[in-house]
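Coordinates as given in model02.cif (mmCIF, C-alpha atoms and all ligand atoms):
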```cif
data_target
#
loop_
_atom_site.label_atom_id
_atom_site.label_comp_id
_atom_site.auth_asym_id
_atom_site.auth_seq_id
_atom_site.Cartn_x
_atom_site.Cartn_y
_atom_site.Cartn_z
CA MET A 30 0.00 0.00 0.00
CA ASN A 31 1.32 3.40 -1.03
CA HIS A 32 0.63 5.31 2.20
CA THR A 33 -0.43 8.95 2.40
CA VAL A 34 -1.26 8.80 6.10
CA LEU A 35 1.73 10.78 7.43
CA GLU A 36 1.37 13.60 4.92
CA ARG A 37 -2.36 13.80 5.74
CA PHE A 38 -1.80 13.65 9.48
CA LEU A 39 0.77 16.48 9.42
CA ARG A 40 -1.73 18.69 7.56
CA TYR A 41 -4.85 17.82 9.57
CA VAL A 42 -3.24 18.52 12.97
CA THR A 43 -2.53 22.13 11.95
CA TYR A 44 -6.32 22.79 11.95
CA ASP A 45 -7.44 23.93 15.40
CA THR A 46 -10.56 21.84 16.10
CA GLN A 47 -10.81 22.17 19.87
CA SER A 48 -14.35 21.57 21.17
CA ASP A 49 -15.90 23.63 23.98
CA PRO A 50 -18.03 22.05 26.73
CA LEU A 51 -19.52 25.44 27.67
CA SER A 52 -20.86 26.17 24.19
CA PRO A 53 -24.56 25.36 23.65
CA THR A 54 -24.21 25.11 19.83
CA GLN A 55 -23.75 22.03 17.65
CA PRO A 56 -20.95 21.73 16.72
CA SER A 57 -19.66 23.43 19.85
CA THR A 58 -17.09 25.42 17.84
CA GLU A 59 -17.45 26.58 14.21
CA LYS A 60 -13.75 25.97 13.49
CA GLN A 61 -14.32 22.20 13.52
CA LYS A 62 -16.33 22.67 10.30
CA ILE A 63 -13.26 24.00 8.47
CA LEU A 64 -11.49 20.64 8.77
CA GLY A 65 -14.77 18.81 8.05
CA ALA A 66 -15.25 20.76 4.80
CA LEU A 67 -11.65 20.06 3.76
CA LEU A 68 -12.10 16.31 4.35
CA ALA A 69 -15.36 16.30 2.36
CA GLN A 70 -13.62 18.06 -0.51
CA GLU A 71 -10.65 15.67 -0.45
CA LEU A 72 -12.97 12.67 -0.45
CA GLN A 73 -14.91 14.11 -3.40
CA GLU A 74 -11.66 14.53 -5.32
CA LEU A 75 -10.69 10.95 -4.48
CA GLY A 76 -13.96 9.74 -6.04
CA ALA A 77 -16.14 9.15 -2.96
CA THR A 78 -19.84 9.76 -3.58
CA ASP A 79 -22.04 12.16 -1.61
CA ALA A 80 -19.18 13.44 0.52
CA HIS A 81 -20.56 16.36 2.51
CA LEU A 82 -20.50 18.19 5.80
CA ASP A 83 -23.90 18.74 7.43
CA GLU A 84 -25.09 21.72 9.47
CA PHE A 85 -24.17 19.96 12.76
CA GLY A 86 -20.55 19.41 11.70
CA TYR A 87 -20.75 15.72 10.71
CA MET A 88 -18.86 14.62 7.59
CA TYR A 89 -20.47 11.72 5.69
CA ALA A 90 -19.09 10.03 2.56
CA THR A 91 -19.49 6.75 0.70
CA ILE A 92 -16.97 4.49 -0.98
CA PRO A 93 -19.22 2.67 -3.45
CA ALA A 94 -19.34 -1.14 -3.51
CA THR A 95 -17.13 -2.86 -6.09
CA VAL A 96 -19.13 -6.10 -6.07
CA THR A 97 -22.84 -6.63 -6.65
CA LYS A 98 -23.62 -9.38 -4.13
CA PRO A 99 -25.29 -8.19 -0.90
CA ILE A 100 -22.68 -7.35 1.75
CA PRO A 101 -23.29 -5.54 5.06
CA VAL A 102 -22.58 -1.80 4.84
CA LEU A 103 -19.59 -0.90 7.03
CA CYS A 104 -18.93 2.44 8.71
CA PHE A 105 -15.48 3.69 9.73
CA CYS A 106 -15.62 6.53 12.24
CA SER A 107 -13.21 8.96 13.88
CA HIS A 108 -13.68 12.29 15.62
CA MET A 109 -12.28 15.58 14.36
CA ASP A 110 -12.26 17.61 17.58
CA THR A 111 -9.47 17.82 20.14
CA ALA A 112 -9.76 17.93 23.93
CA PRO A 113 -10.51 21.21 25.75
CA ASP A 114 -7.90 20.26 28.40
CA CYS A 115 -4.91 21.44 26.36
CA SER A 116 -4.44 24.06 23.61
CA GLY A 117 -4.86 22.89 20.01
CA PHE A 118 -4.01 26.29 18.50
CA ASN A 119 -1.04 26.58 16.13
CA VAL A 120 0.05 22.93 16.43
CA LYS A 121 3.52 22.46 14.92
CA PRO A 122 4.07 18.74 14.38
CA ILE A 123 7.64 17.40 14.46
CA VAL A 124 8.61 14.09 12.84
CA HIS A 125 11.33 12.24 14.76
CA ARG A 126 12.85 9.80 12.27
CA ASN A 127 14.28 6.44 13.32
CA TYR A 128 13.55 6.86 17.04
CA GLN A 129 16.20 5.19 19.23
CA GLY A 130 14.71 5.48 22.72
CA GLN A 131 16.22 8.89 23.50
CA ASP A 132 14.45 11.63 25.52
CA LEU A 133 12.48 13.87 23.17
CA VAL A 134 12.83 17.48 24.35
CA LEU A 135 10.19 19.64 22.69
CA PRO A 136 11.76 22.86 21.34
CA ASP A 137 9.08 25.45 22.13
CA ASP A 138 9.08 24.44 25.83
CA PRO A 139 12.14 22.37 26.79
CA SER A 140 10.50 21.47 30.11
CA VAL A 141 8.21 19.18 28.11
CA VAL A 142 10.16 15.94 27.66
CA ILE A 143 8.80 12.65 26.29
CA ARG A 144 10.68 9.82 28.02
CA LEU A 145 10.62 6.11 27.31
CA ALA A 146 10.42 5.49 31.07
CA ASP A 147 7.13 7.42 31.25
CA PHE A 148 5.60 5.91 28.10
CA PRO A 149 6.48 2.20 27.88
CA ASP A 150 4.66 1.92 24.52
CA LEU A 151 7.61 3.87 23.06
CA ALA A 152 9.63 0.66 23.33
CA ASP A 153 7.66 -0.63 20.29
CA GLU A 154 8.80 2.40 18.29
CA ILE A 155 12.56 1.84 18.22
CA GLY A 156 13.60 2.20 14.58
CA HIS A 157 10.26 3.76 13.60
CA ASP A 158 9.21 7.38 13.01
CA ILE A 159 7.11 9.14 15.60
CA VAL A 160 5.40 12.54 15.59
CA THR A 161 5.14 14.96 18.50
CA ALA A 162 3.92 18.54 18.98
CA SER A 163 6.44 21.29 19.71
CA GLY A 164 5.89 21.79 23.47
CA THR A 165 3.10 24.38 23.81
CA THR A 166 0.10 22.44 22.48
CA LEU A 167 -1.31 18.95 22.29
CA LEU A 168 -0.65 17.10 19.02
CA GLY A 169 -4.21 16.09 18.13
CA ALA A 170 -3.33 12.49 17.26
CA ASP A 171 -6.47 11.84 19.31
CA ASN A 172 -8.15 11.48 16.92
CA LYS A 173 -6.61 12.89 13.72
CA SER A 174 -4.48 9.76 13.50
CA GLY A 175 -7.79 7.92 12.98
CA VAL A 176 -9.02 10.52 10.48
CA ALA A 177 -5.74 10.26 8.53
CA ALA A 178 -5.78 6.44 8.59
CA ILE A 179 -9.37 6.30 7.29
CA MET A 180 -8.52 8.88 4.58
CA ASP A 181 -5.44 6.86 3.58
CA ALA A 182 -7.53 3.68 3.34
CA ALA A 183 -10.26 5.52 1.37
CA ALA A 184 -7.68 6.83 -1.11
CA HIS A 185 -6.34 3.31 -1.58
CA LEU A 186 -9.74 1.66 -2.00
CA LEU A 187 -10.99 4.34 -4.42
CA ALA A 188 -7.82 4.02 -6.52
CA HIS A 189 -8.14 0.21 -6.62
CA PRO A 190 -11.67 -0.74 -7.68
CA GLU A 191 -10.39 -4.27 -8.33
CA ILE A 192 -10.40 -4.80 -4.53
CA PRO A 193 -13.72 -6.53 -3.74
CA HIS A 194 -15.78 -4.82 -1.03
CA GLY A 195 -19.30 -3.67 -0.21
CA ALA A 196 -20.44 -0.08 0.31
CA ILE A 197 -18.40 1.72 2.97
CA ARG A 198 -19.59 4.76 4.86
CA ILE A 199 -17.14 7.21 6.36
CA LEU A 200 -18.25 9.27 9.35
CA PHE A 201 -16.16 12.02 10.95
CA THR A 202 -17.78 13.47 14.08
CA PRO A 203 -17.34 16.73 16.02
CA ASP A 204 -17.47 17.17 19.82
CA GLU A 205 -16.53 13.64 20.92
CA GLU A 206 -14.26 15.03 23.63
CA ILE A 207 -17.17 16.84 25.29
CA GLY A 208 -19.44 13.79 25.18
CA ARG A 209 -21.66 14.99 22.34
CA GLY A 210 -20.00 13.07 19.51
CA VAL A 211 -23.05 11.15 18.39
CA ASN A 212 -25.87 13.46 19.54
CA LYS A 213 -26.83 14.52 16.02
CA VAL A 214 -25.74 11.55 13.91
CA ASP A 215 -28.42 10.76 11.34
CA MET A 216 -28.44 6.95 11.65
CA LYS A 217 -30.90 6.59 8.76
CA LYS A 218 -28.75 8.65 6.44
CA LEU A 219 -25.67 6.79 7.63
CA GLY A 220 -27.37 3.53 6.71
CA ALA A 221 -24.58 1.27 7.98
CA ASP A 222 -24.94 -2.23 9.48
CA PHE A 223 -21.69 -2.50 11.42
CA GLY A 224 -19.04 0.03 12.39
CA TYR A 225 -15.55 0.52 13.73
CA THR A 226 -14.21 3.57 15.51
CA LEU A 227 -10.48 4.14 15.02
CA ASP A 228 -9.60 5.84 18.32
CA GLY A 229 -7.52 3.33 20.30
CA GLU A 230 -4.06 3.63 21.81
CA LYS A 231 -2.25 0.33 22.36
CA ARG A 232 -0.74 -1.36 19.29
CA GLY A 233 -2.92 -4.30 18.20
CA SER A 234 -5.80 -3.40 20.50
CA VAL A 235 -9.43 -3.81 19.63
CA GLU A 236 -11.75 -2.75 22.43
CA ASP A 237 -15.17 -4.38 22.52
CA GLU A 238 -16.02 -3.43 26.07
CA THR A 239 -16.57 -0.09 27.79
CA PHE A 240 -17.82 0.95 31.19
CA SER A 241 -21.52 1.11 31.86
CA ALA A 242 -22.10 4.55 33.26
CA ASP A 243 -24.68 6.36 35.39
CA GLY A 244 -24.74 9.83 36.90
CA ALA A 245 -26.14 10.37 40.40
CA VAL A 246 -27.24 13.42 42.38
CA ILE A 247 -27.91 13.51 46.11
CA LYS A 248 -30.01 16.50 47.20
CA ILE A 249 -29.86 17.21 50.92
CA GLN A 250 -32.31 19.30 52.91
CA GLY A 251 -30.77 20.30 56.25
CA VAL A 252 -32.16 22.37 59.12
CA SER A 253 -30.94 25.96 59.32
CA ALA A 254 -31.06 28.18 62.37
CA HIS A 255 -29.39 31.36 63.64
CA PRO A 256 -25.87 30.16 64.46
CA GLY A 257 -25.97 31.92 67.84
CA MET A 258 -29.14 30.07 68.87
CA ALA A 259 -28.73 26.82 66.97
CA GLU A 260 -27.98 24.42 69.79
CA GLY A 261 -29.87 21.17 69.35
CA LYS A 262 -31.58 22.50 66.22
CA MET A 263 -29.20 23.09 63.36
CA GLU A 264 -28.34 20.26 60.97
CA SER A 265 -26.04 21.80 58.40
CA ALA A 266 -26.51 20.42 54.90
CA ILE A 267 -22.86 21.34 54.25
CA LYS A 268 -21.74 19.01 57.06
CA ILE A 269 -24.05 16.24 55.90
CA ALA A 270 -22.61 16.50 52.39
CA ALA A 271 -19.08 16.50 53.78
CA GLU A 272 -19.81 13.40 55.93
CA LEU A 273 -21.30 11.67 52.94
CA VAL A 274 -18.11 12.18 50.93
CA ALA A 275 -15.71 11.56 53.83
CA ARG A 276 -17.30 8.21 54.68
CA LEU A 277 -17.13 6.85 51.10
CA PRO A 278 -14.88 3.78 50.71
CA LYS A 279 -11.26 4.73 50.01
CA THR A 280 -9.48 1.44 49.42
CA ASN A 281 -12.09 0.17 46.96
CA LEU A 282 -14.89 1.63 44.81
CA SER A 283 -12.77 4.76 44.12
CA PRO A 284 -11.07 5.81 40.88
CA GLU A 285 -7.78 6.15 42.76
CA SER A 286 -7.92 2.61 44.18
CA THR A 287 -9.36 0.56 41.30
CA GLU A 288 -8.13 -0.79 37.97
CA GLY A 289 -8.97 -3.38 35.33
CA LYS A 290 -12.57 -4.53 35.60
CA GLU A 291 -13.26 -2.86 38.98
CA GLY A 292 -15.92 -0.17 39.17
CA PHE A 293 -16.27 2.93 41.34
CA ILE A 294 -18.48 5.64 42.82
CA HIS A 295 -16.82 9.00 42.26
CA PRO A 296 -17.98 12.38 43.63
CA THR A 297 -17.50 14.96 40.85
CA GLY A 298 -19.08 18.04 42.36
CA ILE A 299 -20.39 19.48 45.61
CA GLN A 300 -22.22 22.71 46.39
CA GLY A 301 -24.41 23.93 49.16
CA SER A 302 -25.42 26.08 52.10
CA VAL A 303 -26.58 25.30 55.64
CA GLU A 304 -30.11 24.93 54.30
CA SER A 305 -29.47 22.61 51.37
CA ALA A 306 -26.65 20.93 49.48
CA GLU A 307 -26.06 18.77 46.41
CA VAL A 308 -23.41 16.17 45.72
CA HIS A 309 -22.90 14.91 42.15
CA PHE A 310 -21.41 11.51 41.39
CA ILE A 311 -20.49 9.32 38.47
CA ILE A 312 -20.93 5.56 38.90
CA ARG A 313 -18.99 3.14 36.69
CA ASP A 314 -18.69 -0.62 36.22
CA PHE A 315 -18.42 -3.14 33.42
CA SER A 316 -21.50 -5.09 34.49
CA ASP A 317 -24.93 -3.51 34.61
CA GLU A 318 -25.76 -5.63 37.70
CA LYS A 319 -22.77 -4.23 39.59
CA LEU A 320 -23.69 -0.73 38.46
CA LEU A 321 -27.10 -1.23 40.09
CA ALA A 322 -25.41 -2.63 43.20
CA HIS A 323 -23.21 0.49 43.45
CA ALA A 324 -26.33 2.69 43.23
CA ALA A 325 -27.96 0.61 46.01
CA PHE A 326 -24.77 0.96 48.07
CA LEU A 327 -24.93 4.74 47.68
CA GLN A 328 -28.56 4.72 48.85
CA HIS A 329 -27.64 2.71 52.00
CA HIS A 330 -24.62 4.91 52.58
CA LEU A 331 -26.85 7.99 52.44
CA GLU A 332 -29.36 6.48 54.90
CA ALA A 333 -26.55 5.57 57.32
CA VAL A 334 -25.18 9.12 57.29
CA LEU A 335 -28.68 10.59 57.77
CA GLN A 336 -29.11 8.61 61.01
CA ASP A 337 -26.88 11.20 62.64
CA PHE A 338 -29.11 14.00 61.31
CA PRO A 339 -32.67 12.93 62.24
CA ASN A 340 -34.45 16.10 61.10
CA SER A 341 -32.80 16.31 57.69
CA THR A 342 -33.87 14.59 54.48
CA ALA A 343 -32.19 13.67 51.24
CA THR A 344 -32.99 12.12 47.87
CA LEU A 345 -30.84 10.13 45.47
CA GLU A 346 -31.49 10.44 41.73
CA ILE A 347 -29.78 8.20 39.19
CA HIS A 348 -29.66 8.91 35.45
CA GLU A 349 -28.30 6.64 32.77
CA GLN A 350 -25.29 7.86 30.78
CA TYR A 351 -24.15 4.95 28.57
CA ARG A 352 -23.90 1.16 28.64
CA ASN A 353 -21.15 -1.41 28.04
CA MET A 354 -21.22 -2.06 24.30
CA LYS A 355 -20.20 -5.69 24.83
CA LYS A 356 -23.86 -6.54 25.36
CA VAL A 357 -24.57 -5.49 21.77
CA LEU A 358 -21.34 -6.79 20.25
CA ASP A 359 -21.84 -10.25 21.77
CA GLN A 360 -24.95 -10.55 19.59
CA HIS A 361 -22.81 -9.96 16.47
CA PRO A 362 -19.60 -11.90 17.15
CA GLN A 363 -18.38 -11.51 13.54
CA VAL A 364 -17.76 -7.77 14.11
CA LEU A 365 -15.01 -8.45 16.65
CA ALA A 366 -13.83 -11.64 14.92
CA HIS A 367 -13.26 -9.81 11.63
CA ALA A 368 -11.35 -7.03 13.43
CA LEU A 369 -9.04 -9.60 15.04
CA THR A 370 -8.46 -11.22 11.61
CA ALA A 371 -7.77 -7.87 9.93
CA ILE A 372 -5.21 -6.92 12.61
CA GLU A 373 -3.46 -10.28 12.11
CA GLN A 374 -3.45 -9.79 8.34
CA ALA A 375 -1.66 -6.47 8.90
CA GLY A 376 1.09 -8.39 10.69
CA ILE A 377 0.20 -7.27 14.22
CA THR A 378 -0.69 -9.42 17.23
CA PRO A 379 -4.28 -8.54 18.16
CA ILE A 380 -5.12 -7.67 21.78
CA GLN A 381 -8.76 -7.80 22.81
CA SER A 382 -9.27 -5.31 25.62
CA SER A 383 -11.69 -3.09 27.48
CA ILE A 384 -11.83 0.67 28.07
CA ARG A 385 -12.28 2.24 31.50
CA GLY A 386 -14.44 4.89 29.86
CA GLY A 387 -16.83 5.29 26.96
CA THR A 388 -16.39 5.83 23.23
CA ASP A 389 -18.59 7.14 20.46
CA GLY A 390 -18.88 3.42 19.69
CA SER A 391 -20.53 2.59 23.00
CA ARG A 392 -23.42 4.90 22.19
CA LEU A 393 -23.48 4.00 18.47
CA SER A 394 -23.72 0.32 19.45
CA PHE A 395 -26.95 1.01 21.35
CA MET A 396 -28.20 3.21 18.48
CA GLY A 397 -28.09 0.13 16.22
CA LEU A 398 -24.52 0.24 14.91
CA PRO A 399 -22.36 -2.36 16.71
CA CYS A 400 -19.03 -0.57 16.84
CA PRO A 401 -15.79 -1.74 18.55
CA ASN A 402 -12.72 0.50 18.74
CA ILE A 403 -9.43 -0.20 16.93
CA PHE A 404 -5.97 1.23 17.71
CA THR A 405 -4.67 3.97 15.46
CA GLY A 406 -1.28 5.07 16.78
CA GLU A 407 -2.34 7.84 19.20
CA HIS A 408 -0.61 7.96 22.60
CA SER A 409 -0.57 10.17 25.74
CA PHE A 410 -3.64 12.08 24.65
CA HIS A 411 -4.89 15.45 25.93
CA ALA A 412 -1.36 16.51 26.84
CA LYS A 413 1.67 18.34 25.48
CA THR A 414 3.47 14.99 25.59
CA GLU A 415 1.05 13.48 23.08
CA TRP A 416 2.79 11.46 20.37
CA ALA A 417 1.79 9.43 17.33
CA SER A 418 3.32 6.34 15.77
CA VAL A 419 3.66 6.55 11.98
CA TYR A 420 3.98 2.75 11.78
CA GLU A 421 0.76 2.22 13.73
CA MET A 422 -1.14 4.82 11.68
CA GLU A 423 -0.08 2.96 8.51
CA LYS A 424 -1.13 -0.36 10.03
CA ALA A 425 -4.51 1.12 11.03
CA ALA A 426 -5.08 2.18 7.39
CA GLU A 427 -4.18 -1.35 6.23
CA ILE A 428 -6.58 -2.84 8.78
CA VAL A 429 -9.43 -0.74 7.31
CA VAL A 430 -8.59 -2.08 3.83
CA HIS A 431 -8.42 -5.67 5.15
CA LEU A 432 -11.74 -5.29 6.97
CA ALA A 433 -13.44 -4.06 3.78
CA GLN A 434 -12.27 -7.23 2.00
CA ILE A 435 -12.95 -9.68 4.86
CA TRP A 436 -16.59 -8.59 5.04
CA ALA A 437 -16.91 -9.15 1.26
CA GLU A 438 -15.68 -12.75 1.46
ZN ZN B 1 -10.46 10.17 20.99
#
```

Could you render the structure from this file as structure tokens?
Ligand SMILES: [Zn+2]
Amino acid sequence: MNHTVLERFLRYVTYDTQSDPLSPTQPSTEKQKILGALLAQELQELGATDAHLDEFGYMYATIPATVTKPIPVLCFCSHMDTAPDCSGFNVKPIVHRNYQGQDLVLPDDPSVVIRLADFPDLADEIGHDIVTASGTTLLGADNKSGVAAIMDAAAHLLAHPEIPHGAIRILFTPDEEIGRGVNKVDMKKLGADFGYTLDGEKRGSVEDETFSADGAVIKIQGVSAHPGMAEGKMESAIKIAAELVARLPKTNLSPESTEGKEGFIHPTGIQGSVESAEVHFIIRDFSDEKLLAHAAFLQHHLEAVLQDFPNSTATLEIHEQYRNMKKVLDQHPQVLAHALTAIEQAGITPIQSSIRGGTDGSRLSFMGLPCPNIFTGEHSFHAKTEWASVYEMEKAAEIVVHLAQIWAE
């Protein structure tokens, strides 16, 4: 395969596509549309049909089928925005050729150093080329490495109509980093049967499992009184909220004390007065049953704390955020199986793994598009130390081409 992925990547990262969680608009920032329009234009020039950017900032395009037999329509998806946590303005990518394990000191801020000891995945990159930012911004490999890999694969497939495959839909989304990546996807227009997001880190990884996630709010009604005459009367909602948080488990059920398949209850916000207070939580686990058990635990925990405050009341509200996509993917085992085969065909050892978080794919899976996540060479995201592997980006593009063919067989 004659790769264009590096050239594309170096261009796409120079577009500032940072999303903004405080913006009420869709997309959250207009500048994301500039990259979206460029990608639509490039796909048109490559011969994709109906490549266009819609009013909400989604880029859709089709690589037409090259065979006539009925084959499921595949979708390949990446997000165009970058994280609000770190500047994405004026990104200056640097290609480090033939990396040998040395410290990479970034020139625009020499205090930013990318060290092998801090990023063990760099050990796979000895002898390969890697890309970093220059020290003052993130790189944007999350997820422009995926965008570039899909574009590279599209260019190859469109230039080689002798490769047998069904119709392929390309979807580039805005606002993934602020949790709105699939809010306005038109699933009917997309018209795909199975999908793959390219937004994974570890070489060879395909992630078919995410957290199941709920949000929770505890609203406390205390008893206020004049502080000078409060003896035996006052029950401060602030103190109840503080007790509630202080008495949470610390050696388990916390983000800072769990890993792997363990879940947690995590307070994310607290506000209040003597009269009333609110504590916000996120609850996470891989199994829906355990998620329910954590919610029940929080309810008991709340009742136990309230025993010390007999005249106060509180309510616990739970709202669903997203669910482990494995439930959906297990009903369509060929989606994962074909990904594992495609990774092997690209000469990489596949690693089936889970994400302690969500992806666009976890929501797409429950919207009717089973959608695991494949690695694409992005590492150390949302930071000035972000780096991208050219080798892995090329392999990701090859995996897309292999997948197109495997589904046609
Ligand atoms: Zn991402």

### Query
Can I get the residues close to ligand ZN 1 (chain B) as a list in words, where close means within 6 Å and we count all atoms listed in the file?
Asp171, Asn172 and Asp228 of chain A

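Minimum distance to His125 in chain A across A:Gly156, A:Pro362, A:Pro99, A:Pro193 (counting only C-alpha atoms) occurs at A:Gly156.
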
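For the atom pair formed by CA of Pro296 in chain A and CA of Ile347 in chain A, the distance is 13.3 Å, given to one decimal.
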
### Message
Given all atoms listed in the file as the basis, pick out the residue of A:Leu321, A:Met180, A:Val252, A:Ala371 nearest to Val235 in chain A.
### Response
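Closest candidate: A:Ala371.
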
Step by step, gather every atom of range 409-415 of chain A that the file lists, find the box along x, y and z that holds them, add 5 Å on each side, and finally give centre and edge lengths in Å to one decimal, as JSON.
```
{"center_x": -0.7, "center_y": 14.3, "center_z": 25.0, "size_x": 18.4, "size_y": 18.2, "size_z": 13.8}
```

### Query
Could you name the residues that touch Ala94 in chain A at 6 Å or less, counting only C-alpha atoms, but leaving out those on the same chain fewer than 3 positions away, as a list in words?
His194, Gly195 and Ala196 of chain A

### Query
If you count all atoms listed in the file, which residues fall within 12 Å of Val142 in chain A, apart from same-chain ones fewer than 5 positions away, as a list in words?
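Counting only the stated atoms, we get Gln131, Asp132, Leu133, Val134, Leu135, Pro136, Asp137, Asp147, Phe148, Thr161, Ala162, Ser163, Gly164, Thr165, Ala412, Lys413, Thr414, Glu415 and Trp416 of chain A.
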
### Task
Might you pull out every residue within 6 Å of range 334-346 of chain A, with only C-alpha atoms counted and same-chain residues fewer than 6 positions away left off, and present them as a list in words?
Ala245, Val246, Ile247, Lys248, Ile249, Gln250 and Gly251 of chain A

### Task
Please provide the set of residues having any atom within 9 Å of Asn127 in chain A, restricted to all atoms listed in the file, with same-chain residues fewer than 6 positions apart removed, written as a list in words.
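Once the nearby chain positions are removed, what remains is Glu154, Ile155, Gly156, His157, Asp158 and Ile159 of chain A.
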
#### Entry: Nearest residue to Leu39 in chain A from the set A:His361, A:Lys121, A:Lys218, A:His348 (distances using all atoms listed in the file)
A:Lys121

### Task
Work out how far CA of Ala266 in chain A is from CA of Ser305 in chain A, in Å to one decimal.
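Between CA of Ser305 in chain A and CA of Ala266 in chain A the gap works out to 5.1 Å.
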
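Taking CA of Ala322 in chain A and CA of Ala306 in chain A as endpoints, the distance between them is 24.4 Å.
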
### Nearest-residue call for Ile299 in chain A, choices A:Ile179, A:Val274, A:Ile92, A:Val102, using all atoms listed in the file
A:Val274

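For range 206-208 of chain A, the residues within 9 Å (counting all atoms listed in the file, excluding itself and residues fewer than 6 positions away along the chain) are Gln47, Ser48, Asp49, Pro50, Ser57, His108, Asp110, Thr111, Ala112, Pro113, Thr388 and Asp389 of chain A.
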
Please produce a file of the residues just selected, as a short mmCIF file (atom, residue, chain, number, x, y, z; two decimals), keeping the file's coordinate frame, where the atoms kept are C-alpha atoms.
```cif
data_model
loop_
_atom_site.label_atom_id
_atom_site.label_comp_id
_atom_site.auth_asym_id
_atom_site.auth_seq_id
_atom_site.Cartn_x
_atom_site.Cartn_y
_atom_site.Cartn_z
CA GLN A 47 -10.81 22.17 19.87
CA SER A 48 -14.35 21.57 21.17
CA ASP A 49 -15.90 23.63 23.98
CA PRO A 50 -18.03 22.05 26.73
CA SER A 57 -19.66 23.43 19.85
CA HIS A 108 -13.68 12.29 15.62
CA ASP A 110 -12.26 17.61 17.58
CA THR A 111 -9.47 17.82 20.14
CA ALA A 112 -9.76 17.93 23.93
CA PRO A 113 -10.51 21.21 25.75
CA THR A 388 -16.39 5.83 23.23
CA ASP A 389 -18.59 7.14 20.46
#
```

### Query
Pick the closest to Pro401 in chain A from A:Val42, A:Val357, A:Ile197, A:Leu82: which is it, counting only C-alpha atoms?
A:Val357

### Task
Determine, counting all atoms listed in the file, every residue of protein, DNA or RNA that lies within 7 Å of (-11.6, 3.1, 11.0) in the file coordinates, then give the result as a ChimeraX atom specification.
/A:105-107,175,179,225-227,429

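Using only C-alpha atoms, the shortest contact distance between Asn402 in chain A and any of A:Met258, A:Cys104, A:Leu219, A:Ile143 is found at A:Cys104.
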